[in-house]
$ cat final-v6.cif   # mmCIF, C-alpha atoms
data_my_file
loop_
_atom_site.label_atom_id
_atom_site.label_comp_id
_atom_site.auth_asym_id
_atom_site.auth_seq_id
_atom_site.Cartn_x
_atom_site.Cartn_y
_atom_site.Cartn_z
CA MET E 1272 0.00 0.00 0.00
CA THR E 1273 1.52 3.29 -1.16
CA THR E 1274 1.95 6.16 1.31
CA LEU E 1275 2.43 9.66 -0.06
CA THR E 1276 3.31 12.94 1.61
CA LEU E 1277 1.67 16.26 0.86
CA VAL E 1278 4.32 18.99 0.98
CA LYS E 1279 4.02 22.73 1.56
CA LYS E 1280 6.19 25.48 0.11
CA THR E 1281 8.22 27.20 2.84
CA SER E 1282 8.95 30.59 1.24
CA PHE E 1283 7.37 33.56 3.00
CA THR E 1284 7.52 37.32 2.57
CA VAL E 1285 8.46 39.55 5.49
CA ALA E 1286 4.86 40.77 5.76
CA SER E 1287 3.40 37.27 5.92
CA LEU E 1288 6.02 36.24 8.48
CA ALA E 1289 5.15 39.22 10.70
CA THR E 1290 1.45 38.39 10.42
CA THR E 1291 2.10 34.76 11.31
CA MET E 1292 4.12 35.76 14.40
CA LEU E 1293 1.44 38.20 15.56
CA LEU E 1294 -1.32 35.63 15.19
CA SER E 1295 0.71 32.98 17.00
CA ILE E 1296 1.21 35.34 19.96
CA CYS E 1297 -2.32 36.74 20.26
CA THR E 1298 -4.45 33.76 19.20
CA PRO E 1299 -5.11 31.03 21.78
CA VAL E 1300 -4.44 27.43 20.73
CA ARG E 1301 -7.57 25.50 19.81
CA ALA E 1302 -7.89 22.29 21.81
CA PHE E 1303 -10.63 20.82 19.59
CA THR E 1304 -11.50 21.41 15.96
CA PHE E 1305 -13.06 19.23 13.28
CA GLY E 1306 -13.63 20.87 9.92
CA THR E 1307 -12.07 22.88 7.14
CA VAL E 1308 -9.35 24.33 9.44
CA GLY E 1309 -8.12 20.87 10.46
CA ILE E 1310 -8.86 18.04 12.86
CA GLN E 1311 -7.52 18.12 16.42
CA PHE E 1312 -8.66 16.71 19.77
CA GLU E 1313 -7.69 17.55 23.35
CA GLN E 1314 -7.52 13.86 24.24
CA ASP E 1315 -7.12 10.57 22.36
CA THR E 1316 -10.41 10.10 20.53
CA ASN E 1317 -11.89 7.30 18.41
CA ILE E 1318 -14.10 8.21 15.45
CA ASN E 1319 -16.18 5.78 13.39
CA PHE E 1320 -16.31 6.56 9.67
CA THR E 1321 -19.05 4.86 7.63
CA PHE E 1322 -19.15 4.99 3.84
CA ASP E 1323 -22.30 6.39 2.24
CA GLN E 1324 -21.89 6.74 -1.54
CA SER E 1325 -19.76 8.26 -4.30
CA HIS E 1326 -20.69 10.08 -7.51
CA SER E 1327 -17.68 10.69 -9.72
CA PRO E 1328 -16.04 9.17 -12.81
CA TYR E 1329 -12.73 9.25 -10.90
CA GLN E 1330 -11.51 6.25 -8.91
CA SER E 1331 -10.83 7.50 -5.38
CA SER E 1332 -9.59 6.53 -1.92
CA LEU E 1333 -10.13 8.34 1.39
CA TRP E 1334 -7.20 8.62 3.82
CA VAL E 1335 -6.47 10.07 7.25
CA ALA E 1336 -3.28 12.17 7.07
CA GLN E 1337 -1.25 13.64 9.93
CA ALA E 1338 0.70 16.89 9.96
CA GLU E 1339 4.45 16.60 10.18
CA SER E 1340 6.65 18.67 12.48
CA GLY E 1341 6.60 22.33 11.47
CA ASN E 1342 3.28 21.86 9.64
CA ASN E 1343 5.07 21.73 6.29
CA GLY E 1344 3.69 18.37 5.22
CA TYR E 1345 0.99 15.77 5.77
CA THR E 1346 1.65 12.03 5.58
CA ASN E 1347 -1.02 9.43 4.82
CA LEU E 1348 -1.61 7.23 7.86
CA ALA E 1349 -4.65 5.08 7.19
CA ARG E 1350 -6.76 4.31 4.14
CA LEU E 1351 -10.39 4.28 5.26
CA PHE E 1352 -12.14 3.37 1.98
CA TYR E 1353 -11.13 2.90 -1.64
CA GLU E 1354 -12.82 2.31 -4.97
CA THR E 1355 -11.95 -0.76 -7.00
CA LYS E 1356 -13.64 0.85 -10.01
CA PRO E 1357 -15.02 4.34 -10.67
CA SER E 1358 -18.69 3.37 -10.12
CA ASP E 1359 -21.15 0.50 -9.87
CA ASN E 1360 -22.30 0.68 -13.49
CA GLY E 1361 -20.49 3.28 -15.57
CA SER E 1362 -22.26 6.63 -15.76
CA ALA E 1363 -25.58 5.22 -14.51
CA ASN E 1364 -27.15 7.15 -11.61
CA ASN E 1365 -24.57 9.91 -12.00
CA TRP E 1366 -21.58 7.55 -11.60
CA LYS E 1367 -22.96 6.16 -8.33
CA GLY E 1368 -20.62 3.92 -6.31
CA THR E 1369 -21.78 1.81 -3.37
CA PHE E 1370 -19.97 -0.25 -0.76
CA GLY E 1371 -19.49 -3.90 -1.72
CA ASN E 1372 -19.70 -3.10 -5.41
CA ALA E 1373 -17.36 -0.27 -6.42
CA VAL E 1374 -16.10 0.56 -2.91
CA THR E 1375 -14.42 -1.50 -0.19
CA SER E 1376 -12.04 -1.18 2.79
CA GLU E 1377 -8.93 -2.92 4.11
CA ASN E 1378 -10.96 -5.31 6.31
CA GLY E 1379 -14.12 -5.37 4.19
CA SER E 1380 -16.18 -3.45 6.75
CA ILE E 1381 -18.34 -0.46 5.80
CA THR E 1382 -17.38 1.22 9.11
CA GLN E 1383 -13.77 2.04 9.96
CA THR E 1384 -12.51 3.30 13.33
CA PHE E 1385 -9.55 5.67 13.57
CA ARG E 1386 -7.94 6.85 16.81
CA PHE E 1387 -6.92 10.52 16.70
CA LEU E 1388 -4.11 11.22 19.17
CA LYS E 1389 -4.23 14.13 21.59
CA ASP E 1390 -3.00 17.52 20.30
CA GLN E 1391 -2.00 16.13 16.89
CA ILE E 1392 -3.23 17.85 13.71
CA TYR E 1393 -4.94 15.75 11.04
CA ALA E 1394 -6.82 16.11 7.77
CA LEU E 1395 -8.82 13.84 5.48
CA LEU E 1396 -7.38 13.42 1.97
CA LEU E 1397 -9.37 12.16 -0.99
CA TRP E 1398 -6.90 10.84 -3.56
CA SER E 1399 -8.03 9.92 -7.07
CA ASP E 1400 -6.95 9.25 -10.61
CA THR E 1401 -7.89 11.33 -13.67
CA GLY E 1402 -9.49 8.44 -15.52
CA THR E 1403 -6.26 6.48 -15.96
CA GLY E 1404 -6.63 4.04 -13.05
CA ARG E 1405 -3.48 5.36 -11.34
CA PRO E 1406 -4.73 6.16 -7.80
CA PHE E 1407 -2.52 9.07 -6.70
CA GLU E 1408 -2.77 11.59 -9.54
CA GLN E 1409 -4.70 14.30 -7.66
CA TYR E 1410 -6.07 15.02 -4.21
CA VAL E 1411 -8.72 16.96 -2.31
CA SER E 1412 -8.20 17.90 1.33
CA SER E 1413 -10.81 18.45 4.04
CA SER E 1414 -8.62 21.39 5.12
CA THR E 1415 -9.22 24.43 2.92
CA PHE E 1416 -5.67 25.82 3.15
CA MET E 1417 -4.27 22.57 1.73
CA ASN E 1418 -6.30 23.01 -1.47
CA SER E 1419 -3.86 25.60 -2.71
CA PRO E 1420 -0.97 25.89 -5.19
CA GLN E 1421 1.24 26.13 -2.08
CA TRP E 1422 0.80 22.36 -1.56
CA TRP E 1423 1.53 19.44 -3.84
CA ALA E 1424 1.82 15.67 -3.75
CA ALA E 1425 5.48 14.74 -3.34
CA GLY E 1426 5.18 11.72 -5.59
CA THR E 1427 3.27 13.38 -8.42
CA GLN E 1428 3.90 17.15 -8.09
CA PHE E 1429 0.12 17.62 -8.52
CA ARG E 1430 -1.17 20.96 -7.20
CA ARG E 1431 -4.60 22.56 -7.04
CA ASP E 1432 -3.74 25.45 -9.35
CA GLU E 1433 -7.40 26.40 -9.79
CA CYS E 1434 -7.56 27.52 -6.13
CA LEU E 1435 -6.17 30.72 -4.65
CA VAL E 1436 -3.10 30.79 -2.43
CA ALA E 1437 -5.42 30.77 0.59
CA GLY E 1438 -7.01 27.58 -0.72
CA CYS E 1439 -10.62 26.74 -1.47
CA GLN E 1440 -13.26 24.76 0.38
CA LEU E 1441 -13.73 21.34 -1.19
CA ALA E 1442 -15.40 19.52 1.74
CA VAL E 1443 -18.54 20.14 3.78
CA PHE E 1444 -19.36 19.00 7.31
CA GLY E 1445 -22.70 18.70 9.09
CA ASP E 1446 -26.38 18.21 8.44
CA PHE E 1447 -26.50 19.20 4.77
CA MET E 1448 -28.62 17.94 1.87
CA LEU E 1449 -27.35 16.34 -1.35
CA ASN E 1450 -29.27 15.52 -4.52
CA PRO E 1451 -27.16 13.78 -7.19
CA ASN E 1452 -30.18 13.69 -9.52
CA SER E 1453 -30.58 17.48 -9.50
CA SER E 1454 -28.67 20.08 -11.49
CA ASP E 1455 -29.44 22.70 -8.85
CA SER E 1456 -26.56 24.23 -6.87
CA PHE E 1457 -25.49 23.05 -3.43
CA THR E 1458 -26.64 26.37 -1.97
CA ASN E 1459 -30.13 26.16 -3.46
CA ILE E 1460 -30.54 22.52 -2.40
CA ASN E 1461 -29.70 23.60 1.16
CA GLY E 1462 -32.20 26.46 1.31
CA GLY E 1463 -29.73 29.26 0.66
CA LYS E 1464 -26.97 27.95 2.95
CA GLY E 1465 -23.64 27.89 1.15
CA PRO E 1466 -20.69 25.53 1.73
CA GLU E 1467 -19.08 28.03 4.15
CA GLN E 1468 -21.97 27.38 6.56
CA PHE E 1469 -20.99 23.70 6.67
CA SER E 1470 -17.33 24.12 7.58
CA SER E 1471 -17.01 22.65 11.09
CA LEU E 1472 -18.48 20.20 13.56
CA THR E 1473 -19.11 20.42 17.29
CA MET E 1474 -18.41 17.58 19.68
CA ALA E 1475 -22.17 17.18 20.15
CA GLU E 1476 -22.64 16.73 16.39
CA LEU E 1477 -19.88 14.13 16.33
CA ALA E 1478 -21.52 12.31 19.24
CA ASN E 1479 -24.85 12.16 17.39
CA GLY E 1480 -23.29 11.28 14.03
CA THR E 1481 -22.95 13.61 11.06
CA GLN E 1482 -21.89 13.80 7.40
CA ILE E 1483 -18.70 14.70 5.55
CA SER E 1484 -18.70 15.04 1.78
CA PHE E 1485 -16.10 16.04 -0.82
CA ASP E 1486 -15.99 17.60 -4.25
CA ASP E 1487 -13.09 16.36 -6.40
CA ALA E 1488 -13.04 19.72 -8.21
CA GLN E 1489 -13.19 18.69 -11.81
CA PRO E 1490 -12.05 21.70 -13.91
CA GLY E 1491 -14.91 23.73 -15.35
CA THR E 1492 -17.64 22.15 -13.22
CA GLU E 1493 -19.72 23.63 -10.40
CA LEU E 1494 -18.99 22.31 -6.91
CA ASP E 1495 -21.74 19.97 -5.76
CA PHE E 1496 -19.91 18.27 -2.83
CA GLU E 1497 -21.40 14.86 -3.66
CA ASP E 1498 -18.38 13.05 -5.12
CA PHE E 1499 -17.48 11.06 -1.99
CA THR E 1500 -19.68 11.00 1.14
CA VAL E 1501 -19.13 9.38 4.54
CA SER E 1502 -20.58 9.75 8.02
CA ALA E 1503 -18.57 10.31 11.20
CA GLN E 1504 -19.50 9.53 14.79
CA LEU E 1505 -17.69 9.77 18.09
CA VAL E 1506 -17.01 6.43 19.79
CA SER E 1507 -18.12 6.79 23.41
CA GLU E 1508 -15.58 5.65 25.98
CA PRO E 1509 -16.98 3.16 28.55
CA VAL E 1510 -17.81 4.74 31.90
CA PRO E 1511 -16.47 2.68 34.85
CA GLY E 1512 -19.28 1.54 37.13
CA PRO E 1513 -19.34 1.20 40.94
CA VAL E 1514 -17.52 -1.65 42.68
CA PRO E 1515 -20.08 -4.48 43.02
CA GLY E 1516 -20.98 -5.36 46.63
CA PRO E 1517 -19.58 -4.08 49.93
CA VAL E 1518 -15.88 -4.34 50.70
CA PRO E 1519 -15.41 -6.96 53.48
CA GLY E 1520 -13.52 -6.18 56.67
CA PRO E 1521 -13.31 -3.13 58.92
CA VAL E 1522 -13.32 0.31 57.43
CA PRO E 1523 -9.74 1.67 57.64
CA GLU E 1524 -8.97 4.97 59.29
CA PRO E 1525 -8.52 7.81 56.79
CA VAL E 1526 -4.89 8.53 56.03
CA PRO E 1527 -4.07 12.24 55.91
CA GLY E 1528 -2.87 13.22 52.46
CA PRO E 1529 -0.30 15.80 51.45
CA VAL E 1530 -1.18 19.45 51.74
CA PRO E 1531 -2.23 20.64 48.27
CA GLU E 1532 -0.03 23.18 46.57
CA PRO E 1533 -1.55 26.62 46.03
CA VAL E 1534 -3.21 27.04 42.65
CA PRO E 1535 -1.04 29.30 40.44
CA GLU E 1536 -2.56 32.48 39.16
CA PRO E 1537 -3.56 32.29 35.46
CA VAL E 1538 -1.09 33.84 33.07
CA PRO E 1539 -2.75 36.72 31.18
CA GLU E 1540 -2.90 36.76 27.40
CA PRO E 1541 -0.28 38.94 25.62
CA VAL E 1542 -2.96 41.37 24.50
CA THR E 1543 -4.15 41.75 28.13
CA VAL E 1544 -0.59 42.40 29.35
CA PHE E 1545 -0.10 45.02 26.65
CA GLY E 1546 -3.34 46.75 27.61
CA THR E 1547 -2.40 46.76 31.30
CA MET E 1548 0.98 48.32 30.53
CA LEU E 1549 -0.70 51.09 28.55
CA GLY E 1550 -3.11 51.72 31.42
CA LEU E 1551 -0.32 51.97 34.01
CA GLY E 1552 1.65 54.36 31.78
CA ALA E 1553 -1.38 56.62 31.36
CA LEU E 1554 -2.01 56.63 35.12
CA ALA E 1555 1.63 57.60 35.88
CA ALA E 1556 1.53 60.42 33.33
CA ALA E 1557 -1.65 61.79 34.89
CA ARG E 1558 -0.08 61.83 38.35
CA ARG E 1559 3.00 63.69 37.11
CA LYS E 1560 0.80 66.28 35.43
CA LYS E 1561 -1.19 66.78 38.64
CA LYS E 1562 2.00 67.35 40.71
CA ARG E 1563 3.25 69.94 38.22
CA GLY E 1564 -0.07 71.75 38.48
CA GLN E 1565 0.15 71.87 42.28
#
$ encode --input "final-v6.cif" --output "structure tokens"
Amino acid sequence: MTTLTLVKKTSFTVASLATTMLLSICTPVRAFTFGTVGIQFEQDTNINFTFDQSHSPYQSSLWVAQAESGNNGYTNLARLFYETKPSDNGSANNWKGTFGNAVTSENGSITQTFRFLKDQIYALLLWSDTGTGRPFEQYVSSSTFMNSPQWWAAGTQFRRDECLVAGCQLAVFGDFMLNPNSSDSFTNINGGKGPEQFSSLTMAELANGTQISFDDAQPGTELDFEDFTVSAQLVSEPVPGPVPGPVPGPVPEPVPGPVPEPVPEPVPEPVTVFGTMLGLGALAAARRKKKRGQ
């Protein structure tokens, strides 16, 4: 099984570097995110992915990829699902592919479980051919910024040149509607809600189960986000129950524990510190002015 790495260009202008430094200082780190800005959990978390259907003449495979150190590349970790042929029956039903016919998995199960490790950054990558049968000719990322000319597949040099440097959204998350038999736009099918309104999931939505769908961005076609669809659901961790029955024998005397350390004061954000310094400076200047007046 081939594993490819998605690589990012590392050249920056002085202005972009300054902006990056400012944002890294003033923006708090997100402990949990699941959407077009990436996938990250604050503790090890299992997610069940279940295949729904595909609608594309391309032959595709869906992978979980993990960010490398420095966030300059993503490496494929696990192949969740892959197509053995582009569709069930050629162009019938808008190139529809179903599990057990055109689509399968490593263990033959329609549901795959992946364990996301704490504080690691991930993305979902949809790799596909361009009608040749070679599986790694192009990709679509669940992370918008990876769908950009700044990124390319190390083994193929493929880049999404049709997207801006900032990337473009090629995946939707949440309770959206799809209609492969309609020529209407994704926004109209969803009652005026565009793709940007389906860009992230909450933990509650993951717990209840929700959808993720991709558009493989065929040149010159409108994005319909129905080319490869799966569902995702949080796997609940078992809650330990009470100890069955009473503990035999006498109840031991309580043993005094160590005196707890005092709770440290929270460290203020850089913006708060900067504001406090300005306030103190203004107060000192006012006092000096008052003394001169006296």
$ closest_residue --input "final-v6.cif" --among "E:Ala1475, E:Ala1488, E:Ala1425, E:Ile1318" --to "Arg1386 (chain E)" --atoms "all atoms listed in the file"
E:Ile1318
$ resolve_selection --input "final-v6.cif" --expression "the PyMOL selection byres ((chain E and resi 1313) around 8)" --output "list in words"
Ala1302, Phe1303, Gln1311, Phe1312, Gln1314, Asp1315, Lys1389 and Asp1390 of chain E
$ resolve_selection --input "final-v6.cif" --expression "the PyMOL selection byres ((chain E and resi 1338-1351) around 10)" --output "number ranges by chain"
E: 1272-1281, 1309, 1320-1322, 1332-1337, 1352-1353, 1375-1378, 1380-1385, 1391-1397, 1417, 1422-1425
$ atom_distance --input "final-v6.cif" --atom1 "CA of Ser1412 (chain E)" --atom2 "CA of Leu1441 (chain E)"
7.0 Å
$ closest_atom_pairs --input "final-v6.cif" --of "region 1431-1487 of chain E" --to "region 1358-1364 of chain E" --cutoff "12 Å" --atoms "all atoms listed in the file" --output "tab-separated table"
residue	atom	partner	partner_atom	distance
E:Asn1450	CA	E:Asn1364	CA	11.2
E:Pro1451	CA	E:Asn1364	CA	8.0
E:Asn1452	CA	E:Asn1364	CA	7.5
E:Ser1453	CA	E:Asn1364	CA	11.1
$ resolve_selection --input "final-v6.cif" --expression "the PyMOL selection byres ((chain E and resi 1433) around 10)" --output "ChimeraX atom specification"
/E:1418-1420,1430-1432,1434-1436,1438-1439,1488-1491
$ closest_residue --input "final-v6.cif" --among "E:Asp1455, E:Asp1486, E:Asp1495, E:Glu1354" --to "Arg1405 (chain E)" --atoms "all atoms listed in the file"
E:Glu1354
$ atom_distance --input "final-v6.cif" --atom1 "CA of Thr1369 (chain E)" --atom2 "CA of Gly1480 (chain E)"
19.9 Å
$ atom_distance --input "final-v6.cif" --atom1 "CA of Val1443 (chain E)" --atom2 "CA of Thr1500 (chain E)"
9.6 Å
$ residues_around --input "final-v6.cif" --residues "Thr1481 (chain E)" --least-positions-apart "5" --cutoff "12 Å" --atoms "all atoms listed in the file" --output "PyMOL selection string"
chain E and resi 1305-1306+1318-1323+1443-1448+1469+1471-1476+1500-1505
$ axis_aligned_box --input "final-v6.cif" --around "region 1367-1381 of chain E" --padding-each-side "4 Å" --output "AutoDock Vina command-line options"
--center_x -15.9 --center_y 0.4 --center_z -0.8 --size_x 22.0 --size_y 19.5 --size_z 23.1
$ residues_around --input "final-v6.cif" --residues "Phe1499 (chain E)" --least-positions-apart "2" --cutoff "6 Å" --atoms "all atoms listed in the file" --output "list in words"
Ser1325, Ser1484, Phe1485 and Glu1497 of chain E
$ closest_residue --input "final-v6.cif" --among "E:Ser1399, E:Asn1317, E:Thr1307, E:Ser1327" --to "Phe1496 (chain E)" --atoms "all atoms listed in the file"
E:Ser1327
$ residues_around --input "final-v6.cif" --residues "Gly1402 (chain E)" --least-positions-apart "6" --cutoff "12 Å" --atoms "only C-alpha atoms" --output "list in words"
Ser1327, Pro1328, Tyr1329, Gln1330, Ser1331, Lys1356, Pro1357, Ser1358, Glu1408, Gln1409 and Gln1489 of chain E
$ closest_residue --input "final-v6.cif" --among "E:Ala1442, E:Val1411, E:Leu1477, E:Val1374" --to "Thr1304 (chain E)" --atoms "all atoms listed in the file"
E:Leu1477
